[in-house]
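What's in input_16.txt: compact mmCIF, C-alpha atoms
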```txt
# COMPACT_ATOMS: atom_id res chain seq x y z
CA MET V 213 -2.21 -26.78 14.12
CA SER V 214 -3.93 -30.07 13.26
CA GLU V 215 -7.17 -29.53 15.20
CA PHE V 216 -9.01 -26.43 16.33
CA GLY V 217 -12.56 -26.29 17.60
CA ASN V 218 -14.71 -25.50 20.60
CA PRO V 219 -12.12 -26.38 23.29
CA GLU V 220 -9.57 -24.04 21.71
CA ALA V 221 -12.15 -21.28 21.27
CA GLU V 222 -13.20 -21.62 24.91
CA HIS V 223 -9.56 -21.49 25.98
CA LEU V 224 -9.01 -18.23 24.07
CA LEU V 225 -12.12 -16.75 25.67
CA ALA V 226 -11.16 -17.87 29.18
CA SER V 227 -7.67 -16.44 28.67
CA GLY V 228 -9.12 -13.02 27.88
CA TRP V 229 -8.35 -12.73 24.17
CA LEU V 230 -11.05 -10.20 23.35
CA GLN V 231 -11.03 -6.91 21.49
CA GLY V 232 -8.99 -4.43 23.53
CA ALA V 233 -6.78 -7.06 25.21
CA MET V 234 -3.20 -5.78 25.57
CA PHE V 235 0.07 -7.71 25.77
CA ALA V 236 3.80 -7.28 25.32
CA ALA V 237 5.37 -8.37 22.03
CA ASN V 238 7.04 -11.76 22.43
CA ASP V 239 8.58 -14.62 20.51
CA ILE V 240 5.33 -16.61 20.55
CA VAL V 241 3.35 -14.20 18.40
CA GLY V 242 6.47 -13.20 16.52
CA ILE V 243 7.96 -9.75 16.82
CA PRO V 244 7.15 -7.65 13.73
CA GLU V 245 10.05 -5.93 12.02
CA GLY V 246 10.86 -2.56 13.55
CA ILE V 247 9.23 -3.42 16.90
CA ASP V 248 11.21 -4.26 20.02
CA GLU V 249 10.42 -7.16 22.31
CA GLY V 250 8.15 -5.92 25.07
CA THR V 251 6.40 -3.32 22.88
CA LEU V 252 2.79 -2.98 23.98
CA LEU V 253 0.27 -4.41 21.51
CA VAL V 254 -3.54 -4.47 21.47
CA VAL V 255 -6.09 -6.79 19.85
CA ILE V 256 -8.27 -4.85 17.43
CA THR V 257 -10.07 -7.85 15.95
CA GLN V 258 -13.71 -8.18 17.01
CA SER V 259 -14.14 -10.39 20.06
CA CYS V 260 -16.45 -12.82 18.25
CA THR V 261 -13.75 -13.42 15.63
CA ALA V 262 -10.91 -13.66 18.16
CA VAL V 263 -12.64 -16.55 19.95
CA SER V 264 -14.24 -18.20 16.91
CA ASN V 265 -14.16 -22.02 16.86
CA SER V 266 -13.19 -22.09 13.17
CA LEU V 267 -9.55 -21.55 12.31
CA THR V 268 -10.34 -21.97 8.62
CA ARG V 269 -12.84 -19.12 8.62
CA ASP V 270 -10.93 -16.90 11.08
CA PRO V 271 -7.23 -17.72 10.84
CA PHE V 272 -5.79 -14.45 12.19
CA ILE V 273 -6.02 -11.94 15.00
CA GLU V 274 -5.20 -8.37 14.04
CA ILE V 275 -3.07 -6.41 16.49
CA ALA V 276 -1.79 -2.83 16.64
CA VAL V 277 1.03 -1.05 18.42
CA VAL V 278 0.23 1.00 21.53
CA VAL V 279 2.69 3.76 22.38
CA PRO V 280 2.57 5.10 25.97
CA GLU V 281 2.57 8.90 25.81
CA GLY V 282 4.00 9.61 29.24
CA LYS V 283 1.12 11.93 30.08
CA ALA V 284 -2.33 11.68 31.60
CA TYR V 285 -5.20 10.33 29.54
CA LYS V 286 -7.91 12.88 28.79
CA ALA V 287 -11.21 11.44 27.59
CA THR V 288 -12.28 14.67 25.88
CA THR V 289 -9.40 15.05 23.41
CA GLN V 290 -9.97 14.56 19.69
CA GLU V 291 -7.73 11.48 19.73
CA ALA V 292 -9.73 9.93 22.60
CA THR V 293 -13.16 10.61 21.09
CA GLY V 294 -12.31 9.05 17.72
CA LYS V 295 -12.17 12.28 15.71
CA VAL V 296 -8.68 11.44 14.44
CA PHE V 297 -8.92 8.56 11.98
CA ARG V 298 -5.27 7.49 12.16
CA LYS V 299 -4.73 7.28 15.91
CA LEU V 300 -6.75 6.63 19.04
CA SER V 301 -5.84 7.63 22.59
CA VAL V 302 -6.76 5.05 25.25
CA PRO V 303 -6.21 4.81 29.02
CA LEU V 304 -3.53 2.37 30.15
CA SER V 305 -5.20 1.62 33.48
CA THR V 306 -8.67 1.69 35.00
CA GLY V 307 -7.60 3.71 38.04
CA ALA V 308 -7.66 7.44 38.62
CA ASP V 309 -5.55 9.61 36.29
CA PRO V 310 -4.41 6.82 33.96
CA GLU V 311 -1.56 7.29 31.51
CA SER V 312 -2.50 7.75 27.86
CA GLY V 313 -1.47 5.32 25.16
CA VAL V 314 -1.83 5.94 21.42
CA ILE V 315 -2.91 3.24 18.97
CA ASP V 316 -1.61 3.86 15.45
CA ILE V 317 -3.90 2.57 12.68
CA ASN V 318 -0.89 2.32 10.36
CA ARG V 319 1.04 -0.05 12.63
CA ARG V 320 -1.18 -3.12 12.43
CA TYR V 321 -0.21 -6.76 12.00
CA PHE V 322 -1.91 -10.12 11.50
CA VAL V 323 -0.91 -13.02 13.75
CA PRO V 324 -2.01 -16.66 13.34
CA ARG V 325 -4.76 -17.09 15.91
CA GLU V 326 -3.55 -20.42 17.30
CA ARG V 327 -0.43 -18.74 18.71
CA PHE V 328 -2.60 -16.98 21.28
CA LEU V 329 -3.39 -20.37 22.85
CA GLU V 330 0.13 -20.42 24.33
CA PHE V 331 -0.08 -17.37 26.60
CA LYS V 332 -2.45 -14.85 28.17
CA PRO V 333 -2.69 -11.07 27.89
CA ASP V 334 -0.04 -9.56 30.17
CA GLY V 335 -0.60 -5.86 29.49
CA PRO V 336 -2.96 -3.37 31.14
CA ASP V 337 -6.39 -4.96 31.57
CA VAL V 338 -8.48 -2.16 30.08
CA LYS V 339 -10.47 -4.05 27.46
CA SER V 340 -13.77 -3.44 29.25
CA VAL V 341 -13.09 0.30 29.02
CA ILE V 342 -11.62 0.60 25.52
CA ALA V 343 -13.39 -2.14 23.53
CA LYS V 344 -16.37 0.01 22.50
CA PRO V 345 -14.44 3.15 21.46
CA LEU V 346 -11.78 0.96 19.83
CA GLY V 347 -14.39 -0.93 17.82
CA GLY V 348 -16.10 2.28 16.75
CA TRP V 349 -12.82 3.90 15.74
CA VAL V 350 -11.64 0.91 13.69
CA GLY V 351 -15.10 0.60 12.16
CA ARG V 352 -15.11 4.23 11.07
CA TYR V 353 -11.64 3.89 9.60
CA TYR V 354 -12.54 0.86 7.50
CA THR V 355 -16.05 1.89 6.46
CA ARG V 356 -15.74 5.61 5.80
CA ALA V 357 -16.49 6.60 2.23
CA ALA V 358 -13.35 7.67 0.38
CA LEU V 359 -14.26 10.59 -1.86
CA PRO V 360 -11.76 11.49 -4.61
CA ASN V 361 -9.05 13.84 -3.37
CA LEU V 362 -9.84 16.45 -6.01
CA LEU V 363 -13.53 16.44 -5.02
CA ASN V 364 -12.55 16.97 -1.37
CA ALA V 365 -10.19 19.78 -2.33
CA GLU V 366 -12.88 21.61 -4.29
CA LEU V 367 -15.31 21.36 -1.37
CA ALA V 368 -12.63 22.51 1.07
CA ASP V 369 -12.26 25.75 -0.90
CA ILE V 370 -15.81 26.76 0.06
CA LYS V 371 -15.59 25.25 3.58
CA PHE V 372 -18.49 22.94 2.73
CA SER V 373 -17.82 20.27 5.36
CA GLU V 374 -17.29 22.89 8.07
CA THR V 375 -20.62 24.52 7.23
CA ILE V 376 -22.48 21.19 7.28
CA GLU V 377 -20.91 20.29 10.61
CA LYS V 378 -21.94 23.61 12.14
CA CYS V 379 -25.50 23.08 10.94
CA LEU V 380 -25.63 19.54 12.32
CA LYS V 381 -24.45 20.77 15.71
CA GLN V 382 -27.31 23.25 16.00
CA LYS V 383 -30.62 22.45 17.69
CA PRO V 384 -34.12 23.08 16.35
CA LYS V 385 -36.15 25.56 18.35
CA GLU V 386 -37.34 24.19 21.69
CA ALA V 387 -35.39 20.96 21.13
CA ASN V 388 -32.88 19.31 23.46
CA GLU V 389 -31.08 17.36 20.75
CA THR V 390 -28.89 18.59 17.91
CA PHE V 391 -29.82 18.00 14.29
CA HIS V 392 -27.13 15.34 14.13
CA GLU V 393 -28.72 13.51 17.03
CA LEU V 394 -32.02 13.77 15.13
CA MET V 395 -30.41 12.31 12.00
CA THR V 396 -30.94 8.63 11.10
CA VAL V 397 -28.21 8.37 8.47
CA ILE V 398 -26.41 10.40 5.79
CA PHE V 399 -26.02 8.87 2.34
CA GLY V 400 -24.00 10.07 -0.62
CA LYS V 401 -22.97 9.15 -4.15
CA TRP V 402 -20.64 10.79 -6.63
CA ASN V 403 -19.69 10.46 -10.24
CA PRO V 404 -17.10 9.95 -11.65
CA ASP V 405 -14.96 8.12 -9.11
CA ASP V 406 -11.64 9.46 -10.40
CA GLU V 407 -9.22 12.33 -9.90
CA VAL V 408 -10.25 14.25 -13.01
CA GLY V 409 -13.88 15.29 -12.60
CA PRO V 410 -16.00 17.31 -13.02
CA TYR V 411 -18.11 15.76 -10.27
CA ALA V 412 -21.75 15.42 -9.38
CA LEU V 413 -22.10 14.78 -5.64
CA ASP V 414 -25.52 13.86 -4.24
CA LEU V 415 -26.14 13.90 -0.50
CA ALA V 416 -29.24 12.67 1.33
CA PHE V 417 -29.76 13.67 4.95
CA ILE V 418 -32.30 11.25 6.43
CA CYS V 419 -33.87 12.76 9.56
CA ASN V 420 -35.82 10.92 12.25
CA SER V 421 -39.11 12.65 11.47
CA GLY V 422 -40.84 14.97 9.03
CA PRO V 423 -40.68 18.03 11.31
CA ASP V 424 -36.95 17.41 11.89
CA ALA V 425 -36.41 17.23 8.12
CA ASP V 426 -38.35 20.46 7.58
CA ASP V 427 -36.34 22.29 10.25
CA PHE V 428 -33.04 21.04 8.87
CA ALA V 429 -34.03 21.99 5.33
CA ASP V 430 -34.88 25.51 6.55
CA LEU V 431 -31.47 25.79 8.21
CA LEU V 432 -29.53 24.56 5.17
CA SER V 433 -31.45 26.93 2.91
CA THR V 434 -30.12 29.87 4.94
CA LYS V 435 -26.58 28.66 4.18
CA PHE V 436 -26.83 27.38 0.62
CA GLY V 437 -29.96 28.83 -0.96
CA GLU V 438 -33.48 27.70 -1.77
CA ILE V 439 -34.72 24.11 -1.69
CA PRO V 440 -33.91 21.98 -3.67
CA ILE V 441 -30.32 22.84 -2.79
CA SER V 442 -27.73 22.78 -5.55
CA ILE V 443 -24.23 24.20 -5.05
CA THR V 444 -21.41 24.57 -7.56
CA ALA V 445 -17.81 24.72 -6.34
CA GLY V 446 -15.14 24.56 -9.02
CA LYS V 447 -15.50 21.15 -10.65
CA VAL V 448 -18.17 19.94 -8.19
CA THR V 449 -21.93 20.28 -8.24
CA VAL V 450 -23.53 19.27 -4.94
CA ASN V 451 -27.21 18.35 -4.77
CA ILE V 452 -28.70 17.98 -1.28
CA ASP V 453 -31.91 16.21 -0.36
CA ILE V 454 -33.45 16.20 3.14
CA LEU V 455 -35.96 13.45 3.92
CA ASP V 456 -37.64 11.86 6.90
CA ALA V 457 -36.90 8.23 7.73
CA GLU V 458 -40.54 7.17 7.53
CA SER V 459 -40.71 8.05 3.85
CA VAL V 460 -37.46 6.29 2.89
CA TYR V 461 -36.73 2.69 1.96
CA LEU V 462 -33.12 1.51 2.14
CA ASN V 463 -33.28 0.04 -1.35
CA GLN V 464 -33.58 3.60 -2.62
CA TYR V 465 -29.94 4.01 -1.60
CA HIS V 466 -28.66 0.59 -2.63
CA LYS V 467 -25.73 2.01 -4.60
CA TRP V 468 -25.09 4.96 -2.30
CA HIS V 469 -22.38 5.18 0.37
CA ARG V 470 -22.91 5.92 4.02
CA ILE V 471 -21.12 9.22 4.67
CA THR V 472 -19.35 8.92 8.03
CA GLN V 473 -17.11 11.98 8.19
CA TRP V 474 -19.48 13.78 10.58
CA ASP V 475 -20.14 10.78 12.84
CA HIS V 476 -17.52 11.57 15.45
CA PHE V 477 -19.53 14.24 17.25
CA SER V 478 -22.83 12.45 17.78
CA ALA V 479 -24.57 9.18 18.43
CA LEU V 480 -24.55 8.17 14.75
CA SER V 481 -21.11 6.73 15.38
CA GLU V 482 -22.66 4.07 17.62
CA GLU V 483 -24.04 2.33 14.53
CA LEU V 484 -20.50 1.41 13.52
CA VAL V 485 -19.52 -0.29 16.76
CA PRO V 486 -18.99 -4.01 16.01
CA GLY V 487 -21.39 -6.27 17.81
```
Using the file provided, produce a representation of the structure as structure tokens.
Amino acid sequence: MSEFGNPEAEHLLASGWLQGAMFAANDIVGIPEGIDEGTLLVVITQSCTAVSNSLTRDPFIEIAVVVPEGKAYKATTQEATGKVFRKLSVPLSTGADPESGVIDINRRYFVPRERFLEFKPDGPDVKSVIAKPLGGWVGRYYTRAALPNLLNAELADIKFSETIEKCLKQKPKEANETFHELMTVIFGKWNPDDEVGPYALDLAFICNSGPDADDFADLLSTKFGEIPISITAGKVTVNIDILDAESVYLNQYHKWHRITQWDHFSALSEELVPG
């Protein structure tokens, strides 16, 4: 396309090409190999990118396949709440008892953005309902820290992640919120980043306040031993620090990773929703 600017961007916006827009595969966008014409597709690119006025900076829209499940959508399932990294269940209508559709993270394609100028979304208009959970799910998939497989396997042997999750789901005495809801962020770093080990894994749980940090430290000490906590599991040594947000500067964790594997059951996941 020779020219692309504000008029084209406004046309895409007016047509409804935002994150969560659904349409049937057609000859205009090009039908990816292995997908039949009419297959339901969904825009997973952020809305601000989909309607950008620069084709040079934002040449593509990313889409994914949506497979109708033939059963009712249930908002409380693991697939619907974003707990399953590889697929997301979404409603295929905004009415009562909508059918469920599954978005597969592994069936994604990039389409030149100018092609979307030639037609409008013709699938279920559910973008206002699914855009936020879709953005959060895609964000978690792309930004989650990928620990070495061997490190994960060693931790699995002692049910480390399960124990941490159970602790985060508990509430301090006389509190209405869980520890995870009282958590600002969880950082981690590990060395080496290979499949050989042995590993040193450092975790920092940053709580909203000093009292929250003290309560969480007391709880973890009942599971893992005295503070400072150090655990050895096979080839892994885990060191855990619990701090309050007021005493922490982000530059302290400049080379650390944000650990997102526990985000799916509390409000921490909201931080990953694209804006």
Contact check, segment 312-390 of chain V to segment 424-429 of chain V, at most 10 Å, counting all atoms listed in the file, closest pairs as a Markdown table:
```
| residue | atom | partner | partner_atom | distance |
| --- | --- | --- | --- | --- |
| V:Cys379 | CA | V:Phe428 | CA | 8.1 |
| V:Leu380 | CA | V:Phe428 | CA | 8.3 |
| V:Gln382 | CA | V:Phe428 | CA | 9.4 |
| V:Lys383 | CA | V:Phe428 | CA | 9.3 |
| V:Pro384 | CA | V:Asp427 | CA | 6.5 |
| V:Lys385 | CA | V:Asp427 | CA | 8.7 |
```
Atom CA of Leu252 of chain V to atom CA of Ala236 of chain V, distance in Å rounded to a single decimal =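 Here the two named atoms are 4.6 Å from each other.
Atom CA of Val296 of chain V is found 29.4 Å from atom CA of Pro271 of chain V.
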request  = Using only C-alpha atoms, find the one residue out of V:Ile418, V:Val338, V:Leu329, V:Val263 that sits nearest to Met395 of chain V.
outcome  = V:Ile418
key: Near-Asp453 of chain V list (7 Å; all atoms listed in the file; drop same-chain fewer than 2 positions) as a list in words   = Leu415, Ala416, Phe417, Pro440, Asn451 and Leu455 of chain V
query = Between atom CA of Asn364 of chain V and atom CA of Leu346 of chain V, what is the distance, to one decimal in Å?
reply =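 Between these atoms lies a distance of 26.6 Å.
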Please report as JSON lines every residue of segment 319-431 of chain V lying within 10 Å of segment 441-450 of chain V, along with the nearest atom pair and their distance in Å (one decimal), using only C-alpha atoms.
```
{"residue": "V:Leu362", "atom": "CA", "partner": "V:Lys447", "partner_atom": "CA", "distance": 8.7}
{"residue": "V:Leu363", "atom": "CA", "partner": "V:Val448", "partner_atom": "CA", "distance": 6.6}
{"residue": "V:Asn364", "atom": "CA", "partner": "V:Val448", "partner_atom": "CA", "distance": 9.3}
{"residue": "V:Ala365", "atom": "CA", "partner": "V:Gly446", "partner_atom": "CA", "distance": 9.6}
{"residue": "V:Glu366", "atom": "CA", "partner": "V:Gly446", "partner_atom": "CA", "distance": 6.0}
{"residue": "V:Leu367", "atom": "CA", "partner": "V:Ala445", "partner_atom": "CA", "distance": 6.5}
{"residue": "V:Ala368", "atom": "CA", "partner": "V:Ala445", "partner_atom": "CA", "distance": 9.3}
{"residue": "V:Asp369", "atom": "CA", "partner": "V:Ala445", "partner_atom": "CA", "distance": 7.8}
{"residue": "V:Ile370", "atom": "CA", "partner": "V:Ala445", "partner_atom": "CA", "distance": 7.0}
{"residue": "V:Phe372", "atom": "CA", "partner": "V:Ala445", "partner_atom": "CA", "distance": 9.3}
{"residue": "V:Trp402", "atom": "CA", "partner": "V:Val450", "partner_atom": "CA", "distance": 9.1}
{"residue": "V:Asn403", "atom": "CA", "partner": "V:Val448", "partner_atom": "CA", "distance": 9.8}
{"residue": "V:Val408", "atom": "CA", "partner": "V:Lys447", "partner_atom": "CA", "distance": 9.0}
{"residue": "V:Gly409", "atom": "CA", "partner": "V:Lys447", "partner_atom": "CA", "distance": 6.4}
{"residue": "V:Pro410", "atom": "CA", "partner": "V:Lys447", "partner_atom": "CA", "distance": 4.5}
{"residue": "V:Tyr411", "atom": "CA", "partner": "V:Val448", "partner_atom": "CA", "distance": 4.7}
{"residue": "V:Ala412", "atom": "CA", "partner": "V:Thr449", "partner_atom": "CA", "distance": 5.0}
{"residue": "V:Leu413", "atom": "CA", "partner": "V:Val450", "partner_atom": "CA", "distance": 4.8}
{"residue": "V:Asp414", "atom": "CA", "partner": "V:Val450", "partner_atom": "CA", "distance": 5.8}
{"residue": "V:Leu415", "atom": "CA", "partner": "V:Val450", "partner_atom": "CA", "distance": 7.4}
{"residue": "V:Ala429", "atom": "CA", "partner": "V:Ile441", "partner_atom": "CA", "distance": 9.0}
```
ask   = Which residue, V:Val241, V:Ile398, V:Val460, V:Cys419, has the smallest gap to Ile275 of chain V when you use only C-alpha atoms?
value =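 Ranking V:Val241, V:Ile398, V:Val460, V:Cys419 by distance to Ile275 of chain V, first place goes to V:Val241.
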ask   = Between V:Val323, V:Val314, V:Ile452, V:Ala287, which has the minimum distance to Ser433 of chain V (counting only C-alpha atoms)?
value =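 Smallest separation from Ser433 of chain V among the options: V:Ile452.
Counting all atoms listed in the file, Leu267 of chain V has the following residues at most 8 Å away, ignoring those fewer than 6 positions along the same chain: Phe216, Gly217, Arg325 and Glu326 of chain V.
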key: Spatial neighbours of Lys283 of chain V, max dist 10 Å, only C-alpha atoms, sep filter under 4 positions, as a list of chain:residue names   =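 In the requested format, the answer is V:Asp309, V:Pro310, V:Glu311, V:Ser312, V:Gly313.
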message = Let me make sure I understand: among V:Asn218, V:Asn265, V:Ser227, V:Asn463, which one has the smallest atom-to-atom distance to Asp337 of chain V if we use only C-alpha atoms?
response = V:Ser227
message = Let me make sure I understand: among V:Ala387, V:Cys260, V:Val350, V:Ala308, which one has the smallest atom-to-atom distance to Gly294 of chain V if we use only C-alpha atoms?
response =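 For Gly294 of chain V, the nearest of the given residues is V:Val350.
In this comparison, which uses only C-alpha atoms, the residue of V:Thr289, V:Ser340, V:Ser305, V:Ser421 approaching Thr396 of chain V most closely is V:Ser421.
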For segment 214-250 of chain V, where the input has fewer atoms than it should, I would like N, CA and C atoms rebuilt and written as a CSV table (one decimal), keeping the file's coordinate frame.
```
chain,number,residue,atom,x,y,z
V,214,SER,N,-3.1,-29.0,13.9
V,214,SER,CA,-3.9,-30.1,13.3
V,214,SER,C,-5.4,-30.0,13.6
V,215,GLU,N,-5.8,-29.6,14.8
V,215,GLU,CA,-7.2,-29.5,15.2
V,215,GLU,C,-7.4,-28.2,15.9
V,216,PHE,N,-8.6,-27.7,15.7
V,216,PHE,CA,-9.0,-26.4,16.3
V,216,PHE,C,-10.5,-26.4,16.3
V,217,GLY,N,-11.1,-26.3,17.5
V,217,GLY,CA,-12.6,-26.3,17.6
V,217,GLY,C,-13.0,-25.6,18.9
V,218,ASN,N,-14.1,-26.1,19.4
V,218,ASN,CA,-14.7,-25.5,20.6
V,218,ASN,C,-13.8,-25.4,21.8
V,219,PRO,N,-13.0,-26.5,22.1
V,219,PRO,CA,-12.1,-26.4,23.3
V,219,PRO,C,-11.1,-25.3,23.1
V,220,GLU,N,-10.6,-25.1,21.9
V,220,GLU,CA,-9.6,-24.0,21.7
V,220,GLU,C,-10.2,-22.7,21.8
V,221,ALA,N,-11.4,-22.6,21.2
V,221,ALA,CA,-12.2,-21.3,21.3
V,221,ALA,C,-12.5,-20.9,22.7
V,222,GLU,N,-12.9,-21.9,23.5
V,222,GLU,CA,-13.2,-21.6,24.9
V,222,GLU,C,-11.9,-21.2,25.7
V,223,HIS,N,-10.8,-21.8,25.3
V,223,HIS,CA,-9.6,-21.5,26.0
V,223,HIS,C,-9.2,-20.0,25.7
V,224,LEU,N,-9.3,-19.6,24.4
V,224,LEU,CA,-9.0,-18.2,24.1
V,224,LEU,C,-9.9,-17.3,24.8
V,225,LEU,N,-11.2,-17.6,24.9
V,225,LEU,CA,-12.1,-16.8,25.7
V,225,LEU,C,-11.8,-16.7,27.2
V,226,ALA,N,-11.5,-17.8,27.8
V,226,ALA,CA,-11.2,-17.9,29.2
V,226,ALA,C,-9.8,-17.1,29.5
V,227,SER,N,-9.0,-17.1,28.5
V,227,SER,CA,-7.7,-16.4,28.7
V,227,SER,C,-7.8,-14.9,28.6
V,228,GLY,N,-8.9,-14.5,28.0
V,228,GLY,CA,-9.1,-13.0,27.9
V,228,GLY,C,-8.8,-12.4,26.5
V,229,TRP,N,-8.7,-13.3,25.5
V,229,TRP,CA,-8.4,-12.7,24.2
V,229,TRP,C,-9.6,-12.1,23.5
V,230,LEU,N,-9.9,-10.9,23.9
V,230,LEU,CA,-11.0,-10.2,23.4
V,230,LEU,C,-10.5,-8.9,22.8
V,231,GLN,N,-11.4,-8.2,22.0
V,231,GLN,CA,-11.0,-6.9,21.5
V,231,GLN,C,-10.6,-6.0,22.6
V,232,GLY,N,-9.5,-5.3,22.5
V,232,GLY,CA,-9.0,-4.4,23.5
V,232,GLY,C,-8.0,-5.1,24.5
V,233,ALA,N,-7.8,-6.4,24.4
V,233,ALA,CA,-6.8,-7.1,25.2
V,233,ALA,C,-5.4,-6.6,24.8
V,234,MET,N,-4.6,-6.3,25.8
V,234,MET,CA,-3.2,-5.8,25.6
V,234,MET,C,-2.2,-6.8,26.1
V,235,PHE,N,-1.0,-6.8,25.4
V,235,PHE,CA,0.1,-7.7,25.8
V,235,PHE,C,1.4,-7.2,25.2
V,236,ALA,N,2.5,-7.7,25.8
V,236,ALA,CA,3.8,-7.3,25.3
V,236,ALA,C,4.3,-8.2,24.2
V,237,ALA,N,4.9,-7.6,23.2
V,237,ALA,CA,5.4,-8.4,22.0
V,237,ALA,C,6.3,-9.4,22.5
V,238,ASN,N,6.2,-10.6,22.0
V,238,ASN,CA,7.0,-11.8,22.4
V,238,ASN,C,7.4,-12.7,21.3
V,239,ASP,N,8.2,-13.7,21.6
V,239,ASP,CA,8.6,-14.6,20.5
V,239,ASP,C,7.5,-15.6,20.1
V,240,ILE,N,6.4,-15.7,20.9
V,240,ILE,CA,5.3,-16.6,20.6
V,240,ILE,C,4.5,-16.0,19.4
V,241,VAL,N,4.1,-14.8,19.5
V,241,VAL,CA,3.4,-14.2,18.4
V,241,VAL,C,4.3,-13.8,17.2
V,242,GLY,N,5.5,-13.7,17.5
V,242,GLY,CA,6.5,-13.2,16.5
V,242,GLY,C,6.6,-11.7,16.6
V,243,ILE,N,7.8,-11.2,16.7
V,243,ILE,CA,8.0,-9.8,16.8
V,243,ILE,C,8.1,-9.1,15.4
V,244,PRO,N,7.1,-8.3,15.1
V,244,PRO,CA,7.2,-7.6,13.7
V,244,PRO,C,8.4,-6.8,13.6
V,245,GLU,N,8.9,-6.7,12.3
V,245,GLU,CA,10.0,-5.9,12.0
V,245,GLU,C,9.9,-4.5,12.5
V,246,GLY,N,10.9,-3.9,13.1
V,246,GLY,CA,10.9,-2.6,13.6
V,246,GLY,C,10.2,-2.4,14.9
V,247,ILE,N,9.8,-3.5,15.6
V,247,ILE,CA,9.2,-3.4,16.9
V,247,ILE,C,10.1,-4.2,17.9
V,248,ASP,N,10.4,-3.6,19.0
V,248,ASP,CA,11.2,-4.3,20.0
V,248,ASP,C,10.4,-5.2,20.9
V,249,GLU,N,11.1,-6.3,21.4
V,249,GLU,CA,10.4,-7.2,22.3
V,249,GLU,C,9.9,-6.4,23.5
V,250,GLY,N,8.7,-6.6,24.0
V,250,GLY,CA,8.2,-5.9,25.1
V,250,GLY,C,7.3,-4.7,24.7
```
